[in-house]
$ cat structure.cif   # mmCIF, C-alpha atoms
data_query
#
loop_
_atom_site.label_atom_id
_atom_site.label_comp_id
_atom_site.auth_asym_id
_atom_site.auth_seq_id
_atom_site.Cartn_x
_atom_site.Cartn_y
_atom_site.Cartn_z
CA MET A 1 0.00 0.00 0.00
CA LEU A 2 1.08 3.57 -0.61
CA LEU A 3 1.27 4.49 3.07
CA ALA A 4 3.37 1.45 3.89
CA LEU A 5 5.78 2.45 1.16
CA ILE A 6 6.00 5.99 2.52
CA LEU A 7 6.73 4.78 6.03
CA ALA A 8 9.19 2.15 4.88
CA ALA A 9 11.15 4.74 2.92
CA ALA A 10 11.49 7.09 5.87
CA PRO A 11 14.81 6.61 7.71
CA PRO A 12 14.83 6.39 11.52
CA GLY A 13 14.42 9.73 13.21
CA THR A 14 12.47 11.24 10.34
CA MET A 15 8.79 11.92 9.86
CA ALA A 16 6.62 10.50 7.12
CA ALA A 17 4.09 12.92 5.61
CA MET A 18 0.58 11.49 5.78
CA GLY A 19 -0.83 13.73 3.03
CA THR A 20 -3.68 15.32 4.98
CA PRO A 21 -5.17 18.19 2.93
CA PRO A 22 -4.53 21.63 4.50
CA SER A 23 -8.28 22.27 4.68
CA GLN A 24 -8.64 19.32 7.05
CA VAL A 25 -6.05 20.54 9.58
CA ALA A 26 -7.12 22.92 12.33
CA ASN A 27 -5.14 26.11 12.90
CA THR A 28 -3.03 24.52 15.59
CA VAL A 29 -0.54 21.84 16.53
CA HIS A 30 -2.30 18.56 17.26
CA ILE A 31 -1.10 15.22 18.69
CA VAL A 32 -2.72 11.85 18.02
CA LEU A 33 -1.73 8.60 19.76
CA ASN A 34 -2.73 5.11 18.67
CA GLN A 35 -4.80 2.88 20.96
CA ASP A 36 -6.42 6.01 22.40
CA GLY A 37 -3.30 6.47 24.52
CA TYR A 38 -3.76 3.27 26.60
CA TYR A 39 -0.81 0.87 26.66
CA GLU A 40 0.83 -2.06 28.37
CA MET A 41 4.53 -2.67 28.87
CA GLY A 42 6.19 -3.35 25.52
CA ASP A 43 3.50 -1.80 23.33
CA GLN A 44 4.51 0.25 20.30
CA VAL A 45 3.41 3.88 20.47
CA LYS A 46 2.43 5.38 17.14
CA LEU A 47 2.41 9.16 17.22
CA ARG A 48 1.16 11.67 14.67
CA VAL A 49 1.58 15.43 14.80
CA SER A 50 -0.17 17.97 12.57
CA SER A 51 0.65 21.64 12.17
CA SER A 52 -1.17 24.23 10.11
CA GLU A 53 1.87 26.49 9.87
CA ASP A 54 5.45 26.11 8.68
CA GLY A 55 7.95 26.03 11.51
CA TYR A 56 10.43 24.09 13.57
CA LEU A 57 9.10 21.05 15.40
CA VAL A 58 10.21 19.51 18.68
CA VAL A 59 8.44 16.58 20.37
CA PHE A 60 9.04 15.45 23.95
CA ARG A 61 7.92 12.54 26.05
CA ALA A 62 7.68 12.56 29.83
CA THR A 63 7.69 9.02 31.22
CA THR A 64 5.34 7.93 33.99
CA ARG A 65 8.21 8.80 36.36
CA GLY A 66 8.39 12.31 34.92
CA LYS A 67 11.69 11.98 33.04
CA VAL A 68 11.86 14.07 29.88
CA ARG A 69 12.99 12.43 26.65
CA VAL A 70 13.22 13.92 23.15
CA LEU A 71 11.28 12.09 20.45
CA TYR A 72 11.98 14.55 17.64
CA PRO A 73 14.45 15.50 16.37
CA LEU A 74 16.33 12.35 17.32
CA ASP A 75 19.58 14.27 17.42
CA PRO A 76 19.81 18.04 17.96
CA GLY A 77 21.62 18.63 14.68
CA ASP A 78 18.88 17.02 12.58
CA ASP A 79 16.71 19.20 10.34
CA ASN A 80 13.43 19.75 12.22
CA PHE A 81 11.72 22.20 9.84
CA VAL A 82 8.21 21.12 8.80
CA ARG A 83 5.73 22.41 6.28
CA GLY A 84 2.31 23.40 7.53
CA GLY A 85 -0.93 21.80 6.41
CA LYS A 86 0.30 18.22 6.80
CA THR A 87 0.14 15.42 9.32
CA TRP A 88 3.37 13.68 10.22
CA GLU A 89 4.20 10.39 11.87
CA ILE A 90 7.14 10.54 14.27
CA ILE A 91 9.49 7.63 13.71
CA GLY A 92 12.09 6.53 16.27
CA ARG A 93 15.47 4.88 15.82
CA SER A 94 13.78 1.54 15.23
CA GLY A 95 12.30 2.91 12.01
CA LYS A 96 8.82 1.83 13.14
CA GLU A 97 7.19 3.36 16.20
CA ALA A 98 7.82 6.67 17.97
CA PHE A 99 8.81 4.69 21.07
CA ARG A 100 8.13 1.41 22.83
CA VAL A 101 6.48 1.54 26.25
CA ASP A 102 9.03 0.83 28.99
CA ASP A 103 7.24 2.78 31.73
CA GLU A 104 5.89 1.67 35.05
CA GLN A 105 2.12 1.85 35.47
CA GLY A 106 0.88 5.42 35.55
CA THR A 107 0.43 8.46 33.30
CA GLY A 108 2.98 9.82 30.85
CA VAL A 109 2.91 12.89 28.62
CA VAL A 110 3.69 13.71 24.99
CA TYR A 111 4.31 17.38 24.17
CA ALA A 112 4.80 18.87 20.69
CA ALA A 113 5.65 22.48 19.81
CA VAL A 114 6.18 24.30 16.52
CA SER A 115 8.09 27.60 16.56
CA ASP A 116 8.39 30.16 13.78
CA GLU A 117 12.09 30.52 14.68
CA PRO A 118 14.69 27.75 15.17
CA PHE A 119 14.83 26.37 18.70
CA ARG A 120 17.94 26.95 20.79
CA PHE A 121 19.28 23.55 21.78
CA ASP A 122 22.78 24.65 22.83
CA GLU A 123 22.21 24.09 26.56
CA PHE A 124 20.92 20.57 25.95
CA ILE A 125 23.65 19.12 23.74
CA ARG A 126 26.63 16.94 24.53
CA GLY A 127 28.71 16.22 21.46
CA ASP A 128 26.25 15.50 18.67
CA HIS A 129 23.54 14.12 20.95
CA TRP A 130 21.05 15.21 23.58
CA ASP A 131 22.50 15.70 27.05
CA TYR A 132 19.83 14.24 29.31
CA ARG A 133 21.58 15.56 32.40
CA ALA A 134 20.42 19.00 31.23
CA PHE A 135 16.80 17.83 31.32
CA GLU A 136 16.92 16.72 34.94
CA ASP A 137 15.73 20.16 36.09
CA TYR A 138 12.52 19.64 34.11
CA HIS A 139 10.96 16.75 35.99
CA VAL A 140 7.29 16.47 34.97
CA SER A 141 4.81 15.88 37.78
CA ASP A 142 1.29 17.30 38.24
CA ASP A 143 1.55 20.41 36.05
CA ALA A 144 3.12 19.12 32.84
CA GLU A 145 2.11 22.20 30.86
CA ALA A 146 3.98 24.51 33.22
CA THR A 147 7.08 22.30 33.22
CA PHE A 148 7.25 22.14 29.44
CA GLY A 149 6.48 25.87 29.32
CA ASP A 150 9.62 26.48 31.38
CA LEU A 151 11.57 24.31 28.97
CA MET A 152 10.17 26.21 25.99
CA GLU A 153 11.19 29.47 27.63
CA ARG A 154 14.79 28.33 27.24
CA MET A 155 14.45 26.79 23.80
CA ALA A 156 12.06 29.19 22.06
CA ALA A 157 12.92 32.50 23.71
CA GLU A 158 13.12 34.33 20.36
CA GLY A 159 10.05 32.91 18.66
CA ARG A 160 6.29 32.50 18.72
CA TYR A 161 5.20 28.92 19.11
CA GLN A 162 2.11 26.73 19.24
CA PHE A 163 1.89 23.50 21.19
CA ASP A 164 -0.25 20.54 22.12
CA LEU A 165 -0.02 18.18 25.07
CA ALA A 166 -1.47 14.67 25.32
CA THR A 167 -1.36 12.12 28.11
CA TYR A 168 -0.97 8.36 27.82
CA THR A 169 -1.69 5.66 30.37
CA VAL A 170 0.36 2.54 31.10
CA GLY A 171 -1.62 -0.21 32.80
CA THR A 172 -1.88 -3.97 33.14
CA PRO A 173 -3.35 -6.34 30.53
CA ARG A 174 -6.41 -6.74 32.74
CA ASP A 175 -6.93 -2.97 32.89
CA TYR A 176 -6.58 -2.21 29.20
CA SER A 177 -7.12 -5.41 27.24
CA SER A 178 -10.12 -3.87 25.46
CA TYR A 179 -7.86 -1.30 23.81
CA HIS A 180 -5.74 -3.84 21.94
CA ASP A 181 -7.66 -3.99 18.73
CA TYR A 182 -4.80 -3.56 16.29
CA SER A 183 -7.17 -3.87 13.34
CA GLY A 184 -8.65 -0.59 14.57
CA TYR A 185 -5.23 1.00 14.39
CA THR A 186 -4.75 -0.34 10.87
CA ALA A 187 -7.91 1.51 9.90
CA TRP A 188 -6.56 4.62 11.58
CA VAL A 189 -3.41 4.75 9.45
CA ALA A 190 -4.99 3.65 6.18
CA PRO A 191 -4.68 6.22 3.36
CA CYS A 192 -7.69 8.50 3.33
CA PHE A 193 -6.91 11.33 0.94
CA GLY A 194 -9.58 13.99 0.89
CA CYS A 195 -11.42 12.84 3.99
CA ALA A 196 -11.29 14.21 7.52
CA PRO A 197 -8.51 12.73 9.71
CA TYR A 198 -9.46 10.43 12.56
CA TYR A 199 -8.35 11.81 15.89
CA GLY A 200 -8.83 8.82 18.15
CA GLY A 201 -10.73 9.15 21.41
CA SER A 202 -11.33 12.03 23.72
CA GLY A 203 -9.07 13.40 26.43
CA PHE A 204 -6.51 15.32 24.39
CA SER A 205 -5.89 18.91 25.40
CA PHE A 206 -5.15 21.80 23.05
CA SER A 207 -3.21 24.94 23.81
CA ILE A 208 -1.57 27.79 21.95
CA ALA A 209 1.15 30.07 23.27
CA PHE A 210 2.20 33.31 21.63
CA GLY A 211 5.10 35.58 22.40
CA THR A 212 7.31 34.85 25.35
CA PRO A 213 5.95 31.93 27.44
CA ARG A 214 5.36 32.67 31.05
#
$ encode --input "structure.cif" --output "structure tokens"
Amino acid sequence: MLLALILAAAPPGTMAAMGTPPSQVANTVHIVLNQDGYYEMGDQVKLRVSSSEDGYLVVFRATTRGKVRVLYPLDPGDDNFVRGGKTWEIIGRSGKEAFRVDDEQGTGVVYAAVSDEPFRFDEFIRGDHWDYRAFEDYHVSDDAEATFGDLMERMAAEGRYQFDLATYTVGTPRDYSSYHDYSGYTAWVAPCFGCAPYYGGSGFSFSIAFGTPR
């Protein structure tokens, strides 16, 4: 299928364009998780991000323990400029999913932001890679939006940005067995040019920040 070919051709750490018409994308950044954001240990997390505007994209994950990890770009020197009016699938180093669930039971967070100016990653780099020691000051607990806002204040100080935040839940097979209908996910990623995108279940928040974040 065409979509499978697109995804297969995308190297690890890149994003595959899903071809959503601009008219179908809201004037915002939007995150979509497969399985309605309910997972068990070892599950593959598929993650799509849409943006109506051109800009520079960064995507973070906060584990159920609150540790911040960068999902995109995989390395700070990678090109993270995206064109607006499209939906993108974030692809990890495996070349398949955005990440594989290795969390304890609890609630994690995915945060995506698009800035009209390049992000400043200098404080968060060691060599050619992310320096996760620099992220230790940004432990995510109850107020994830405020924590990531503080992080954006350092990275996007010169630009206007939009963002979205979504939570995911890690449970036991007994808790979430009803969410493991992978045929449903196949329908979710099937090519659907010209039709409205499917945005999974409810529970996703939407926010926009302009100017200098507080």
$ resolve_selection --input "structure.cif" --expression "the PyMOL selection byres ((chain A and resi 77) around 12)" --output "list in words"
Gly13, Tyr72, Pro73, Leu74, Asp75, Pro76, Asp78, Asp79, Asn80, Phe81, Pro118, Phe119, Arg120, Phe121, Asp122, Phe124, Ile125, Arg126, Gly127, Asp128, His129 and Trp130 of chain A
$ atom_distance --input "structure.cif" --atom1 "atom CA of Arg48 of chain A" --atom2 "atom CA of Lys86 of chain A"
10.3 Å
$ axis_aligned_box --input "structure.cif" --around "segment 138-143 of chain A" --padding-each-side "5 Å" --output "AutoDock Vina command-line options"
--center_x 6.9 --center_y 18.1 --center_z 36.2 --size_x 21.2 --size_y 14.5 --size_z 14.1
$ residues_around --input "structure.cif" --residues "Ala157 of chain A" --least-positions-apart "2" --cutoff "10 Å" --atoms "only C-alpha atoms" --output "VMD selection string"
chain A and resid 115 117 to 120 151 to 155 159 to 161 211 to 213
$ closest_residue --input "structure.cif" --among "A:Val68, A:Ile90, A:Ala134, A:Val101" --to "Val32 of chain A" --atoms "only C-alpha atoms"
A:Ile90
$ residues_around --input "structure.cif" --residues "Thr169 of chain A" --least-positions-apart "2" --cutoff "9 Å" --atoms "all atoms listed in the file" --output "list in words"
Gly37, Tyr38, Tyr39, Glu40, Thr64, Gln105, Gly106, Thr107, Gly108, Val109, Thr167 and Gly171 of chain A
$ atom_distance --input "structure.cif" --atom1 "atom CA of Val140 of chain A" --atom2 "atom CA of Asp102 of chain A"
16.8 Å
